[in-house]
Amino acid sequence: MSFQNFSQENLSQIAQRLRDHGYRVTPQRMAVVEALYTSSHPTAEEIHRQVSTRFPMVSLATVYKTLHVLAELGLARDLKVGERSRFDGNTQPHAHLVCIQCEQIADFPVDLECTLPFDEIEALGFRTLGYDLEIYGICRRCQAEERSSSIS
């Protein structure tokens, strides 16, 4: 499920999954879920700003806790970009294009069903839980800013 096709049905499914795992389903928690799934790779602070317009008393700690619960349940991903965490509601296999200057992230659809030597990895005593593909570079906007500043 990705933020492009998030629906009330998705919200209900997530609420049920939270209940199934013993978590309370509060309006504030569901506002965090909705903000995550309708944003592109937001930080917890960005979600907090968005949610606090509807729920002024919601704390940043509540936002972080909710995001980490969602990640623990496999409903979100915690992406480390530089010193910050960004969160992704799209848990389907895809790559991320990460700008090393502005730290923006864009989804990039790619077939991640590549052949990795999992048997060799396991022979080293390492149990693989998953993997990500992040492609680092400089986005179009930052490149344009570089060009315009070099002209000045």
# chains A, B, ... in the order shown; residues from 1 in each chain; ligands from 1
call {"tool": "residues_around", "arguments": {"residues": "Thr53 in chain A", "least_positions_apart": "4", "cutoff": "12 Å", "atoms": "only C-alpha atoms", "output": "ChimeraX atom specification"}}
result
/A:28,31-32,35,46-49,57-59
call {"tool": "write_last_selection", "arguments": {"atoms": "N, CA and C atoms", "output": "PDB file, in the first residue's frame"}}
result
ATOM      1  N   GLN A  28      -5.605  10.444  17.585  1.00  0.00           N
ATOM      2  CA  GLN A  28      -4.279  11.032  17.360  1.00  0.00           C
ATOM      3  C   GLN A  28      -3.376  10.037  16.623  1.00  0.00           C
ATOM      4  N   ALA A  31      -4.410   9.819  13.101  1.00  0.00           N
ATOM      5  CA  ALA A  31      -4.006  11.026  12.369  1.00  0.00           C
ATOM      6  C   ALA A  31      -2.545  10.913  11.942  1.00  0.00           C
ATOM      7  N   VAL A  32      -1.715  10.317  12.780  1.00  0.00           N
ATOM      8  CA  VAL A  32      -0.309  10.084  12.426  1.00  0.00           C
ATOM      9  C   VAL A  32      -0.245   9.120  11.246  1.00  0.00           C
ATOM     10  N   ALA A  35      -1.330  10.935   8.114  1.00  0.00           N
ATOM     11  CA  ALA A  35      -0.299  11.888   7.678  1.00  0.00           C
ATOM     12  C   ALA A  35       0.859  11.159   7.015  1.00  0.00           C
ATOM     13  N   GLU A  46       7.739  16.725  10.696  1.00  0.00           N
ATOM     14  CA  GLU A  46       6.770  17.160   9.681  1.00  0.00           C
ATOM     15  C   GLU A  46       5.390  16.571   9.963  1.00  0.00           C
ATOM     16  N   ILE A  47       5.360  15.309  10.338  1.00  0.00           N
ATOM     17  CA  ILE A  47       4.083  14.683  10.681  1.00  0.00           C
ATOM     18  C   ILE A  47       3.490  15.354  11.918  1.00  0.00           C
ATOM     19  N   HIS A  48       4.336  15.643  12.907  1.00  0.00           N
ATOM     20  CA  HIS A  48       3.862  16.309  14.125  1.00  0.00           C
ATOM     21  C   HIS A  48       3.227  17.657  13.792  1.00  0.00           C
ATOM     22  N   ARG A  49       3.870  18.447  12.952  1.00  0.00           N
ATOM     23  CA  ARG A  49       3.300  19.744  12.558  1.00  0.00           C
ATOM     24  C   ARG A  49       1.936  19.560  11.895  1.00  0.00           C
ATOM     25  N   MET A  57      -2.677  19.048  21.221  1.00  0.00           N
ATOM     26  CA  MET A  57      -2.032  18.484  22.399  1.00  0.00           C
ATOM     27  C   MET A  57      -1.184  17.245  22.091  1.00  0.00           C
ATOM     28  N   VAL A  58      -1.158  16.792  20.831  1.00  0.00           N
ATOM     29  CA  VAL A  58      -0.368  15.602  20.507  1.00  0.00           C
ATOM     30  C   VAL A  58       1.120  15.934  20.638  1.00  0.00           C
ATOM     31  N   SER A  59       1.857  15.038  21.255  1.00  0.00           N
ATOM     32  CA  SER A  59       3.282  15.292  21.472  1.00  0.00           C
ATOM     33  C   SER A  59       4.122  14.680  20.359  1.00  0.00           C
TER      34      SER A  59
END
call {"tool": "select_by_dssp", "arguments": {"residues": "chain A", "states": "helix (DSSP H, G or I)", "output": "VMD selection string"}}
result
chain A and resid 3 to 5 8 to 20 27 to 37 44 to 52 60 to 72 118 to 123 140 to 151
call {"tool": "residues_around", "arguments": {"residues": "His94 in chain A", "least_positions_apart": "6", "cutoff": "8 Å", "atoms": "only C-alpha atoms", "output": "compact mmCIF listing (two decimals) with C-alpha atoms, in the first residue's frame"}}
result
# COMPACT_ATOMS: atom_id res chain seq x y z
CA ASP A 107 10.62 6.50 -4.83
CA PHE A 108 12.01 4.75 -7.87
CA PRO A 109 10.20 1.64 -9.08
CA VAL A 110 12.70 -1.08 -9.77
CA ASP A 111 12.63 -4.85 -9.77
CA LEU A 112 14.37 -5.69 -6.52
CA ASP A 132 17.02 -1.81 0.69
CA LEU A 133 18.34 -0.12 -2.40
call {"tool": "residues_around", "arguments": {"residues": "Leu70 in chain A", "least_positions_apart": "4", "cutoff": "9 Å", "atoms": "only C-alpha atoms", "output": "list of chain:residue names"}}
result
A:Ile14, A:Leu18, A:Val33, A:Lys65, A:Thr66, A:Gly74, A:Leu75, A:Ala76, A:Arg77, A:Gly89
call {"tool": "residues_around", "arguments": {"residues": "Leu11 in chain A", "least_positions_apart": "3", "cutoff": "8 Å", "atoms": "only C-alpha atoms", "output": "JSON, numbers by chain"}}
result
{"A": [6, 7, 8, 14, 15, 30, 33, 34]}
call {"tool": "write_last_selection", "arguments": {"atoms": "C-alpha atoms", "output": "short mmCIF file (atom, residue, chain, number, x, y, z; two decimals), in the first residue's frame"}}
result
data_model
loop_
_atom_site.label_atom_id
_atom_site.label_comp_id
_atom_site.auth_asym_id
_atom_site.auth_seq_id
_atom_site.Cartn_x
_atom_site.Cartn_y
_atom_site.Cartn_z
CA PHE A 6 -4.36 5.38 0.43
CA SER A 7 -8.05 5.00 1.30
CA GLN A 8 -10.45 4.78 4.23
CA ILE A 14 -4.22 -0.51 9.78
CA ALA A 15 -6.45 0.21 12.76
CA MET A 30 -4.76 7.41 13.32
CA VAL A 33 -1.07 7.07 10.21
CA GLU A 34 -3.02 9.23 7.77
#
call {"tool": "select_by_dssp", "arguments": {"residues": "chain A", "states": "strand (DSSP E)", "output": "ChimeraX atom specification"}}
result
/A:77-81,84-88,95-99,105-108,133-137
call {"tool": "closest_residue", "arguments": {"among": "A:Gln16, A:Asn10, A:Thr43, A:Ser148", "to": "Phe87 in chain A", "atoms": "only C-alpha atoms"}}
result
A:Thr43
call {"tool": "atom_distance", "arguments": {"atom1": "CA of Leu79 in chain A", "atom2": "CA of Gln50 in chain A"}}
result
19.5 Å
call {"tool": "atom_distance", "arguments": {"atom1": "CA of Leu129 in chain A", "atom2": "CA of His96 in chain A"}}
result
18.5 Å
call {"tool": "atom_distance", "arguments": {"atom1": "CA of Ile138 in chain A", "atom2": "CA of Cys102 in chain A"}}
result
8.3 Å
call {"tool": "closest_residue", "arguments": {"among": "A:Cys139, A:Ile151, A:Val25, A:Val81", "to": "Val69 in chain A", "atoms": "only C-alpha atoms"}}
result
A:Val25
call {"tool": "closest_residue", "arguments": {"among": "A:Ser12, A:Asp119, A:Tyr37, A:Arg29", "to": "Ser52 in chain A", "atoms": "only C-alpha atoms"}}
result
A:Arg29
call {"tool": "closest_residue", "arguments": {"among": "A:His41, A:Arg17, A:Arg127, A:Arg140", "to": "Cys99 in chain A", "atoms": "only C-alpha atoms"}}
result
A:Arg140
call {"tool": "closest_residue", "arguments": {"among": "A:Ala123, A:Ala61, A:Ala44, A:Ile100", "to": "Ser85 in chain A", "atoms": "only C-alpha atoms"}}
result
A:Ala44
call {"tool": "closest_residue", "arguments": {"among": "A:Ile135, A:Leu124, A:Leu116, A:Ala144", "to": "Gln104 in chain A", "atoms": "only C-alpha atoms"}}
result
A:Ile135
